[in-house]
$ cat data-v8.cif   # mmCIF, C-alpha atoms and all ligand atoms
data_protein
loop_
_atom_site.label_atom_id
_atom_site.label_comp_id
_atom_site.auth_asym_id
_atom_site.auth_seq_id
_atom_site.Cartn_x
_atom_site.Cartn_y
_atom_site.Cartn_z
CA MET M 1 10.71 -4.88 15.82
CA ALA M 2 7.89 -7.20 16.68
CA VAL M 3 8.61 -10.86 16.11
CA LEU M 4 6.01 -12.79 14.17
CA PRO M 5 4.10 -15.23 16.36
CA ASP M 6 4.67 -18.87 15.44
CA LEU M 7 2.22 -20.02 12.82
CA PRO M 8 0.55 -22.98 14.57
CA THR M 9 -0.75 -20.73 17.36
CA MET M 10 -2.44 -18.40 14.91
CA ILE M 11 -5.82 -18.77 13.33
CA ALA M 12 -5.86 -18.75 9.57
CA ILE M 13 -8.89 -17.74 7.54
CA THR M 14 -8.93 -18.40 3.84
CA MET M 15 -10.90 -16.19 1.50
CA GLU M 16 -12.05 -18.43 -1.29
CA THR M 17 -13.70 -17.32 -4.48
CA ALA M 18 -14.56 -19.29 -7.60
CA LEU M 19 -11.22 -18.10 -8.97
CA THR M 20 -9.14 -19.38 -6.08
CA LYS M 21 -10.77 -22.68 -5.06
CA ASN M 22 -8.03 -24.73 -6.65
CA SER M 23 -5.45 -22.02 -6.64
CA LEU M 24 -1.86 -22.73 -7.57
CA SER M 25 -0.59 -19.77 -5.60
CA GLU M 26 -1.14 -18.51 -2.05
CA LEU M 27 -0.94 -15.01 -0.71
CA SER M 28 -0.87 -15.00 3.06
CA ILE M 29 -1.52 -11.81 4.91
CA ASN M 30 -0.37 -11.70 8.50
CA LEU M 31 -2.85 -9.58 10.42
CA GLU M 32 -0.81 -9.79 13.61
CA ALA M 33 2.13 -8.22 11.78
CA LEU M 34 -0.26 -5.57 10.43
CA ALA M 35 -1.41 -4.76 13.97
CA ALA M 36 2.21 -4.70 15.17
CA ASN M 37 3.06 -2.25 12.39
CA TYR M 38 0.15 -0.03 13.38
CA HIS M 39 1.30 -0.01 17.01
CA PHE M 40 4.87 0.75 15.96
CA LEU M 41 3.85 3.68 13.74
CA ALA M 42 1.49 5.00 16.41
CA GLU M 43 4.35 4.87 18.92
CA GLN M 44 6.71 6.64 16.51
CA SER M 45 4.25 9.46 15.96
CA ALA M 46 2.73 9.80 19.46
CA PRO M 47 1.15 11.96 20.74
CA SER M 48 -0.21 12.58 17.22
CA GLU M 49 -3.12 10.43 16.11
CA CYS M 50 -2.19 7.59 13.79
CA ALA M 51 -4.80 7.17 11.04
CA ALA M 52 -4.62 4.53 8.29
CA VAL M 53 -4.78 4.80 4.51
CA VAL M 54 -6.72 1.82 3.12
CA LYS M 55 -7.31 2.95 -0.47
CA ALA M 56 -7.16 0.46 -3.37
CA ASN M 57 -8.58 -2.39 -1.27
CA ALA M 58 -6.05 -1.75 1.49
CA TYR M 59 -3.18 -1.76 -1.00
CA GLY M 60 -4.48 -4.98 -2.48
CA LEU M 61 -4.53 -6.91 0.79
CA GLY M 62 -8.29 -6.94 1.45
CA LEU M 63 -10.27 -4.05 2.91
CA ARG M 64 -12.40 -5.85 5.49
CA PRO M 65 -9.79 -7.93 7.35
CA VAL M 66 -7.31 -5.05 7.23
CA VAL M 67 -9.77 -2.48 8.57
CA ARG M 68 -11.10 -4.80 11.28
CA THR M 69 -7.55 -5.48 12.43
CA LEU M 70 -6.60 -1.80 12.45
CA GLU M 71 -9.78 -0.85 14.31
CA LYS M 72 -8.94 -3.39 16.97
CA ALA M 73 -5.40 -2.00 17.13
CA GLY M 74 -6.89 1.39 17.98
CA CYS M 75 -7.20 3.17 14.64
CA LYS M 76 -9.98 5.76 14.64
CA THR M 77 -9.63 7.45 11.26
CA PHE M 78 -9.40 5.92 7.79
CA PHE M 79 -8.57 7.41 4.39
CA VAL M 80 -9.60 6.07 0.99
CA ALA M 81 -9.19 7.51 -2.50
CA THR M 82 -12.69 7.40 -3.98
CA LEU M 83 -16.35 7.66 -3.03
CA ASP M 84 -16.97 4.03 -3.97
CA GLU M 85 -14.17 2.93 -1.68
CA GLY M 86 -15.67 5.09 1.04
CA LEU M 87 -19.12 3.57 0.59
CA THR M 88 -17.67 0.05 0.82
CA LEU M 89 -15.67 1.02 3.88
CA ARG M 90 -18.78 2.47 5.50
CA THR M 91 -20.32 -1.04 5.47
CA ILE M 92 -17.29 -2.26 7.46
CA THR M 93 -16.71 0.45 10.05
CA ALA M 94 -18.49 3.29 11.81
CA LYS M 95 -15.21 5.16 12.32
CA THR M 96 -14.26 8.45 10.64
CA ILE M 97 -13.66 8.10 6.90
CA TYR M 98 -12.01 10.72 4.68
CA VAL M 99 -12.09 10.45 0.89
CA PHE M 100 -9.12 12.03 -0.91
CA ALA M 101 -10.93 12.64 -4.20
CA GLY M 102 -13.39 15.10 -2.68
CA VAL M 103 -16.85 15.80 -4.05
CA THR M 104 -18.41 16.36 -7.47
CA GLU M 105 -21.75 17.86 -8.36
CA GLU M 106 -23.20 14.35 -8.86
CA ASN M 107 -22.00 12.74 -5.68
CA ASN M 108 -22.00 15.25 -2.83
CA VAL M 109 -25.32 13.97 -1.51
CA ALA M 110 -23.99 10.39 -1.36
CA PHE M 111 -21.09 11.64 0.76
CA ALA M 112 -23.37 13.25 3.28
CA GLU M 113 -25.75 10.26 3.44
CA ALA M 114 -22.94 7.84 4.26
CA SER M 115 -21.28 10.28 6.68
CA LEU M 116 -18.14 10.30 4.59
CA ARG M 117 -15.86 13.30 4.93
CA PRO M 118 -14.56 14.62 1.63
CA VAL M 119 -11.08 16.02 1.32
CA LEU M 120 -11.85 19.29 -0.47
CA ASN M 121 -9.15 20.04 -3.02
CA SER M 122 -10.35 23.24 -4.69
CA ILE M 123 -12.63 26.26 -4.23
CA PRO M 124 -15.31 24.71 -6.51
CA GLN M 125 -15.31 21.61 -4.29
CA VAL M 126 -15.66 23.75 -1.17
CA LYS M 127 -18.64 25.51 -2.78
CA LEU M 128 -20.22 22.20 -3.87
CA TRP M 129 -19.90 20.74 -0.41
CA ASN M 130 -21.33 23.91 1.05
CA SER M 131 -20.75 22.87 4.64
CA ARG M 132 -22.97 19.79 4.46
CA GLY M 133 -20.90 18.23 7.20
CA PRO M 134 -17.35 17.72 8.40
CA SER M 135 -14.67 17.85 5.72
CA ALA M 136 -10.92 18.17 5.31
CA LEU M 137 -9.14 20.85 3.32
CA HIS M 138 -6.18 19.91 1.21
CA LEU M 139 -3.52 22.58 0.91
CA ASP M 140 -0.95 22.11 -1.82
CA THR M 141 2.54 22.83 -0.48
CA GLY M 142 4.60 21.75 -3.47
CA MET M 143 3.33 18.45 -4.83
CA ASN M 144 1.23 20.30 -7.46
CA ARG M 145 -1.17 17.40 -7.78
CA LEU M 146 -4.35 18.01 -5.78
CA GLY M 147 -5.10 20.74 -3.28
CA LEU M 148 -5.75 24.44 -2.89
CA SER M 149 -3.06 26.94 -3.73
CA LYS M 150 -1.95 29.19 -0.91
CA LYS M 151 -3.84 32.08 -2.52
CA ASP M 152 -7.14 30.17 -2.63
CA PHE M 153 -6.50 28.91 0.86
CA LEU M 154 -6.15 32.41 2.26
CA LYS M 155 -9.25 33.52 0.37
CA LEU M 156 -11.12 30.70 2.01
CA SER M 157 -9.85 31.54 5.44
CA THR M 158 -11.71 34.86 5.18
CA CYS M 159 -14.95 32.98 4.47
CA ILE M 160 -14.31 30.84 7.50
CA SER M 161 -13.65 33.75 9.80
CA ASN M 162 -16.83 35.51 8.66
CA GLY M 163 -18.84 32.28 9.04
CA THR M 164 -19.72 31.57 5.36
CA VAL M 165 -17.75 28.31 5.44
CA ILE M 166 -17.38 26.09 8.50
CA GLU M 167 -13.94 25.32 9.83
CA PRO M 168 -12.52 22.07 8.42
CA THR M 169 -12.12 19.09 10.77
CA LEU M 170 -8.70 18.47 9.25
CA ILE M 171 -6.20 20.37 7.15
CA LEU M 172 -3.86 18.18 5.19
CA SER M 173 -1.02 18.42 2.77
CA HIS M 174 1.13 15.73 1.17
CA LEU M 175 4.92 15.43 0.92
CA ALA M 176 6.44 14.74 -2.49
CA CYS M 177 9.86 13.46 -1.42
CA ALA M 178 9.46 12.09 2.11
CA ASP M 179 11.37 8.92 1.16
CA GLU M 180 14.43 11.08 0.48
CA PRO M 181 15.14 12.72 3.85
CA ALA M 182 17.80 15.05 2.44
CA HIS M 183 15.58 16.46 -0.32
CA ASP M 184 15.10 20.27 -0.11
CA LEU M 185 11.40 20.00 -0.82
CA ASN M 186 10.71 18.36 2.57
CA VAL M 187 11.71 21.43 4.55
CA GLN M 188 10.07 23.76 2.02
CA GLN M 189 6.77 21.92 2.30
CA LEU M 190 7.06 21.76 6.09
CA LYS M 191 7.59 25.53 6.29
CA LYS M 192 4.64 26.27 4.03
CA PHE M 193 2.43 24.01 6.10
CA GLN M 194 3.58 25.52 9.39
CA ALA M 195 3.01 29.03 8.06
CA LEU M 196 -0.75 28.62 7.98
CA ARG M 197 -1.05 28.13 11.72
CA PRO M 198 -2.42 31.61 12.41
CA THR M 199 -5.10 31.19 9.73
CA PHE M 200 -6.85 28.12 11.05
CA GLN M 201 -6.47 28.13 14.79
CA SER M 202 -8.42 25.09 15.78
CA SER M 203 -8.33 22.66 12.83
CA PRO M 204 -6.11 19.62 13.39
CA ARG M 205 -3.40 19.21 10.77
CA SER M 206 -1.84 16.27 8.95
CA LEU M 207 1.21 16.28 6.68
CA SER M 208 2.92 12.90 6.80
CA ALA M 209 2.28 9.52 5.24
CA SER M 210 4.53 6.48 5.94
CA SER M 211 7.91 7.97 5.10
CA GLY M 212 7.12 11.40 6.56
CA ILE M 213 6.72 9.82 10.01
CA PHE M 214 10.44 8.99 9.92
CA LEU M 215 11.46 12.58 9.10
CA GLY M 216 10.96 13.41 12.79
CA PRO M 217 8.39 14.89 15.17
CA SER M 218 8.19 18.27 13.43
CA TYR M 219 6.50 16.46 10.54
CA HIS M 220 3.85 14.75 12.69
CA PHE M 221 1.44 17.62 13.51
CA ASP M 222 -1.89 16.32 14.89
CA MET M 223 -2.30 13.26 12.71
CA VAL M 224 -0.17 11.00 10.53
CA ARG M 225 -1.70 8.90 7.75
CA PRO M 226 0.47 5.94 6.79
CA GLY M 227 -0.47 3.32 4.23
CA TYR M 228 2.48 1.42 2.77
CA ALA M 229 4.41 0.94 6.02
CA LEU M 230 1.38 -0.67 7.66
CA TYR M 231 1.52 -3.36 4.98
CA GLY M 232 5.19 -4.08 5.66
CA GLY M 233 6.76 -1.86 3.00
CA ASN M 234 9.96 -0.04 3.89
CA PRO M 235 9.23 3.63 4.64
CA THR M 236 12.97 4.36 5.07
CA LYS M 237 14.40 3.71 1.62
CA ASN M 238 18.09 2.68 1.66
CA GLN M 239 17.92 1.78 5.35
CA PRO M 240 16.91 -1.50 6.99
CA ASN M 241 13.15 -1.92 7.05
CA PRO M 242 11.79 -1.16 10.54
CA MET M 243 8.41 -2.74 9.71
CA SER M 244 7.32 -6.36 10.13
CA PRO M 245 6.67 -8.21 6.87
CA VAL M 246 2.95 -8.71 6.33
CA ILE M 247 2.69 -10.72 3.13
CA ASN M 248 4.04 -13.97 1.86
CA LEU M 249 3.43 -15.15 -1.69
CA LYS M 250 4.19 -18.62 -2.94
CA ALA M 251 3.34 -20.53 -6.11
CA ARG M 252 3.41 -24.18 -7.09
CA ILE M 253 6.10 -25.77 -9.21
CA MET M 254 4.26 -27.47 -12.06
CA GLN M 255 7.02 -29.23 -13.98
CA CYS M 256 10.74 -29.78 -13.82
CA ARG M 257 12.75 -30.50 -16.94
CA GLU M 258 16.28 -30.71 -18.18
CA VAL M 259 17.42 -28.51 -21.04
CA ALA M 260 20.51 -29.33 -23.07
CA ARG M 261 23.25 -26.87 -23.90
CA GLY M 262 22.02 -24.50 -26.64
CA GLU M 263 18.33 -25.06 -25.99
CA THR M 264 16.10 -22.09 -25.22
CA VAL M 265 13.34 -21.47 -22.68
CA GLY M 266 10.09 -19.55 -23.12
CA TYR M 267 8.64 -16.99 -25.53
CA GLY M 268 11.08 -15.31 -27.84
CA ALA M 269 13.75 -17.89 -26.97
CA THR M 270 15.50 -15.19 -24.96
CA PHE M 271 17.11 -17.64 -22.53
CA ARG M 272 19.65 -19.93 -24.15
CA SER M 273 21.22 -22.56 -21.97
CA ASP M 274 25.02 -22.40 -21.77
CA LYS M 275 25.15 -25.99 -20.47
CA ARG M 276 22.85 -28.75 -19.34
CA ARG M 277 20.46 -27.08 -16.87
CA GLN M 278 17.45 -27.96 -14.75
CA ILE M 279 14.44 -25.73 -15.26
CA ALA M 280 11.30 -25.52 -13.10
CA THR M 281 8.05 -24.08 -14.40
CA ILE M 282 6.04 -22.19 -11.76
CA ALA M 283 2.38 -21.23 -11.70
CA ILE M 284 2.62 -17.44 -11.57
CA GLY M 285 2.74 -14.88 -14.36
CA TYR M 286 2.08 -11.29 -15.24
CA ALA M 287 -1.68 -11.77 -14.82
CA ASP M 288 -0.86 -12.44 -11.15
CA GLY M 289 1.19 -9.30 -10.71
CA TYR M 290 4.51 -10.92 -11.60
CA SER M 291 5.58 -8.22 -14.01
CA ARG M 292 7.16 -8.95 -17.38
CA ALA M 293 9.89 -6.54 -16.29
CA LEU M 294 11.10 -9.23 -13.88
CA ALA M 295 12.53 -11.36 -16.70
CA GLU M 296 16.25 -11.92 -16.21
CA THR M 297 16.43 -9.80 -13.04
CA ALA M 298 14.37 -11.63 -10.41
CA HIS M 299 14.77 -14.78 -8.35
CA VAL M 300 12.38 -17.05 -6.54
CA SER M 301 13.36 -19.03 -3.47
CA ILE M 302 13.10 -22.83 -3.55
CA LYS M 303 14.18 -24.93 -0.56
CA GLY M 304 15.87 -21.81 0.80
CA MET M 305 17.98 -21.33 -2.33
CA LEU M 306 17.67 -18.60 -4.92
CA ALA M 307 16.64 -19.66 -8.41
CA PRO M 308 16.93 -17.01 -11.16
CA VAL M 309 14.10 -16.42 -13.61
CA ALA M 310 14.97 -17.95 -17.00
CA GLY M 311 13.50 -16.27 -20.06
CA ARG M 312 10.35 -14.23 -20.41
CA ILE M 313 7.45 -14.03 -17.97
CA SER M 314 4.28 -15.56 -19.45
CA MET M 315 0.74 -14.66 -18.45
CA ASP M 316 0.35 -17.64 -16.12
CA LEU M 317 3.84 -19.13 -15.85
CA ILE M 318 7.48 -18.43 -15.25
CA SER M 319 10.52 -20.64 -15.69
CA VAL M 320 13.40 -20.60 -13.23
CA ASP M 321 16.83 -22.18 -13.26
CA ILE M 322 17.06 -24.74 -10.44
CA THR M 323 20.38 -26.26 -11.48
CA GLY M 324 22.16 -27.31 -8.28
CA ILE M 325 19.07 -27.29 -6.07
CA GLU M 326 18.51 -30.92 -5.14
CA GLY M 327 15.22 -32.76 -4.89
CA VAL M 328 12.86 -30.22 -6.45
CA LYS M 329 9.66 -31.81 -7.74
CA PRO M 330 6.28 -30.78 -9.16
CA GLY M 331 3.90 -29.68 -6.42
CA ASP M 332 6.66 -28.07 -4.33
CA TRP M 333 6.27 -24.40 -3.43
CA ALA M 334 8.43 -21.59 -4.72
CA GLU M 335 8.56 -18.52 -2.51
CA ILE M 336 7.89 -15.42 -4.59
CA ILE M 337 7.75 -12.88 -1.73
CA GLY M 338 8.71 -13.80 1.81
CA SER M 339 11.62 -14.08 4.18
CA THR M 340 14.26 -14.17 1.40
CA ILE M 341 12.65 -11.81 -1.12
CA SER M 342 10.92 -8.70 0.22
CA VAL M 343 8.21 -6.70 -1.51
CA ASP M 344 10.66 -3.82 -1.90
CA ASP M 345 13.37 -6.09 -3.39
CA LEU M 346 11.06 -7.66 -5.93
CA ALA M 347 9.59 -4.29 -6.92
CA LYS M 348 13.09 -2.93 -7.45
CA CYS M 349 13.88 -5.84 -9.78
CA ALA M 350 10.81 -4.88 -11.81
CA GLY M 351 11.88 -1.24 -11.94
CA THR M 352 8.94 -0.15 -9.82
CA ILE M 353 7.99 0.38 -6.19
CA GLY M 354 6.37 -1.96 -3.67
CA TYR M 355 3.18 0.12 -3.77
CA GLU M 356 2.59 -0.87 -7.37
CA LEU M 357 3.55 -4.48 -6.75
CA LEU M 358 1.08 -4.82 -3.86
CA THR M 359 -1.80 -3.19 -5.69
CA THR M 360 -1.34 -5.31 -8.81
CA LEU M 361 -1.20 -8.75 -7.18
CA GLY M 362 -3.85 -10.52 -9.21
CA PRO M 363 -7.14 -12.14 -8.21
CA ARG M 364 -5.99 -15.75 -8.72
CA HIS M 365 -3.98 -16.07 -5.50
CA LYS M 366 -5.73 -17.84 -2.67
CA ARG M 367 -5.74 -15.24 0.10
CA ILE M 368 -5.09 -16.57 3.56
CA TYR M 369 -5.42 -14.34 6.60
CA ILE M 370 -3.21 -15.39 9.47
CA GLY M 371 -3.90 -14.32 13.02
CA ALA M 372 -7.39 -13.33 11.91
CA ILE M 373 -9.62 -11.32 14.20
CA LYS M 374 -12.87 -12.99 15.16
C1 LIG K 1 -1.73 7.27 -0.57
C2 LIG K 1 -1.66 8.47 0.30
C3 LIG K 1 -1.18 8.38 1.61
C4 LIG K 1 -0.50 7.14 2.15
O1 LIG K 1 0.82 7.09 1.64
P1 LIG K 1 1.87 5.96 2.05
O2 LIG K 1 3.12 6.40 1.41
O3 LIG K 1 1.34 4.68 1.49
O4 LIG K 1 1.96 5.92 3.52
C5 LIG K 1 -1.30 9.50 2.43
N1 LIG K 1 -1.82 10.67 1.96
C6 LIG K 1 -2.25 10.80 0.69
C7 LIG K 1 -2.80 12.10 0.23
C8 LIG K 1 -2.18 9.71 -0.18
O5 LIG K 1 -2.60 9.85 -1.44
#
$ encode --input "data-v8.cif" --output "structure tokens"
Amino acid sequence: MAVLPDLPTMIAITMETALTKNSLSELSINLEALAANYHFLAEQSAPSECAAVVKANAYGLGLRPVVRTLEKAGCKTFFVATLDEGLTLRTITAKTIYVFAGVTEENNVAFAEASLRPVLNSIPQVKLWNSRGPSALHLDTGMNRLGLSKKDFLKLSTCISNGTVIEPTLILSHLACADEPAHDLNVQQLKKFQALRPTFQSSPRSLSASSGIFLGPSYHFDMVRPGYALYGGNPTKNQPNPMSPVINLKARIMQCREVARGETVGYGATFRSDKRRQIATIAIGYADGYSRALAETAHVSIKGMLAPVAGRISMDLISVDITGIEGVKPGDWAEIIGSTISVDDLAKCAGTIGYELLTTLGPRHKRIYIGAIK
């Protein structure tokens, strides 16, 4: 996979807010790696179009820099979850925007005015939209979350053939188990999706998100719509990550102290020292997305060595055991996510997935965009 360009040759842009002016933690987002990931996914799914899912503020990484980078990399279609996200995105790009949530009675005019394309998930939504402009149709093939049932879908196809409803510009469905290639549901969903070919002759189709791309060409159809993999997450669970890492998160060491045998560290005194140990206190906590579930399972990396979390995670602080790591002092950085600890690894330690970790990284990190587009 693409090698990251060396840092000094890249331009870094820092997004500073009142909250991050004197930040004790830094989240760097490598836009060159993001572009490399887009190119890689587009290559994997060619000749299908590769769209990009940028919901939830581009998975927490910042909508504007992410979208600008992806546009420059050749992306022509974007997906967001909500109307508000779509309206924000419309101020950034003139490209095609689909909104997964579809329309409501209150907001269908706003969609049309901003040239946003709703993903219509039900017959009532189709009626509300009433062919105001291009839209996608979501067919449920087994996720049972959003989307039209097959029965409703076929009903609708009659309306399309007799001209009461205009043909959708995209038909999509979503895989429930794409990260488990051997799961039966993948083939079942694929078959259901393929079966509607005769109904809508000319609408392009899209089934796969990040992991679906790696299930093979039969899952690609006309368009793929990855999110997570673009941001460096591993779309091939249990296999080496084919994507380039995009984020790096580090936090300052605030204090180092020695604890004697029998002393405890942190709330609840859950960590009791079995011998004399060196403890470092680091400026990151659950308010920054460092989940309380990481207590006693996670490590940070200091001077290239792993230091285990000691005791509970506080709102703004964690303590780690640095016994045996020489020369650590206040002001040094601890790597939270980076070359030694991946997003997927850290999420696993917290009993969650990288998606949740990325989208809950808090507002206090100074965000630095590396390899920024002009
Ligand atoms: C979030 C989402 C995607 C993107 O999924 P990733 O696994 O992040 O690639 C695609 N399609 C739908 C319907 C989604 O909700």
$ closest_atom_pairs --input "data-v8.cif" --of "region 233-302 of chain M" --to "region 26-38 of chain M" --cutoff "7 Å" --atoms "only C-alpha atoms" --output "JSON lines"
{"residue": "M:Met243", "atom": "CA", "partner": "M:Asn37", "partner_atom": "CA", "distance": 6.0}
{"residue": "M:Ser244", "atom": "CA", "partner": "M:Ala33", "partner_atom": "CA", "distance": 5.8}
{"residue": "M:Pro245", "atom": "CA", "partner": "M:Ala33", "partner_atom": "CA", "distance": 6.7}
{"residue": "M:Val246", "atom": "CA", "partner": "M:Asn30", "partner_atom": "CA", "distance": 5.0}
{"residue": "M:Ile247", "atom": "CA", "partner": "M:Ile29", "partner_atom": "CA", "distance": 4.7}
{"residue": "M:Asn248", "atom": "CA", "partner": "M:Ser28", "partner_atom": "CA", "distance": 5.2}
{"residue": "M:Leu249", "atom": "CA", "partner": "M:Leu27", "partner_atom": "CA", "distance": 4.5}
{"residue": "M:Lys250", "atom": "CA", "partner": "M:Glu26", "partner_atom": "CA", "distance": 5.4}
{"residue": "M:Ala251", "atom": "CA", "partner": "M:Glu26", "partner_atom": "CA", "distance": 6.4}
$ axis_aligned_box --input "data-v8.cif" --around "ligand LIG 1 (chain K)" --padding-each-side "8 Å" --output "lines of an AutoDock Vina configuration file"
center_x = 0.2
center_y = 8.4
center_z = 1.0
size_x = 21.9
size_y = 23.4
size_z = 21.0
$ atom_distance --input "data-v8.cif" --atom1 "CA of Met254 (chain M)" --atom2 "CA of Gly338 (chain M)"
20.0 Å
$ residues_around --input "data-v8.cif" --residues "Ser202 (chain M)" --least-positions-apart "4" --cutoff "9 Å" --atoms "all atoms listed in the file" --output "list in words"
Glu167, Pro168, Thr169 and Arg197 of chain M
$ residues_around --input "data-v8.cif" --residues "region 10-22 of chain M" --least-positions-apart "4" --cutoff "6 Å" --atoms "all atoms listed in the file" --output "ChimeraX atom specification"
/M:364,366-372
$ write_last_selection --input "data-v8.cif" --atoms "C-alpha atoms" --output "PDB file, in the coordinates of the input"
ATOM      1  CA  ARG M 364      -5.990 -15.750  -8.720  1.00  0.00           C
ATOM      2  CA  LYS M 366      -5.730 -17.840  -2.670  1.00  0.00           C
ATOM      3  CA  ARG M 367      -5.740 -15.240   0.100  1.00  0.00           C
ATOM      4  CA  ILE M 368      -5.090 -16.570   3.560  1.00  0.00           C
ATOM      5  CA  TYR M 369      -5.420 -14.340   6.600  1.00  0.00           C
ATOM      6  CA  ILE M 370      -3.210 -15.390   9.470  1.00  0.00           C
ATOM      7  CA  GLY M 371      -3.900 -14.320  13.020  1.00  0.00           C
ATOM      8  CA  ALA M 372      -7.390 -13.330  11.910  1.00  0.00           C
TER       9      ALA M 372
END
$ residues_near_ligand --input "data-v8.cif" --ligand "ligand LIG 1 (chain K)" --cutoff "7 Å" --atoms "only C-alpha atoms and all ligand atoms" --output "number ranges by chain"
M: 53, 100, 174, 208-211, 225-229
$ closest_residue --input "data-v8.cif" --among "M:Gly311, M:Gly285, M:Pro65, M:Gly304" --to "Val328 (chain M)" --atoms "only C-alpha atoms"
M:Gly304
$ residues_around --input "data-v8.cif" --residues "region 317-321 of chain M" --least-positions-apart "4" --cutoff "7 Å" --atoms "all atoms listed in the file" --output "PyMOL selection string"
chain M and resi 278-285+307-311+313
$ atom_distance --input "data-v8.cif" --atom1 "CA of Gly266 (chain M)" --atom2 "CA of Ser314 (chain M)"
7.9 Å
$ closest_residue --input "data-v8.cif" --among "M:Asn57, M:Pro47, M:Lys192, M:Leu207" --to "Tyr231 (chain M)" --atoms "only C-alpha atoms"
M:Asn57
$ closest_residue --input "data-v8.cif" --among "M:Ile97, M:Leu87, M:Glu296, M:Arg312" --to "Ala110 (chain M)" --atoms "only C-alpha atoms"
M:Leu87
$ atom_distance --input "data-v8.cif" --atom1 "CA of Ala334 (chain M)" --atom2 "CA of Ile253 (chain M)"
6.6 Å
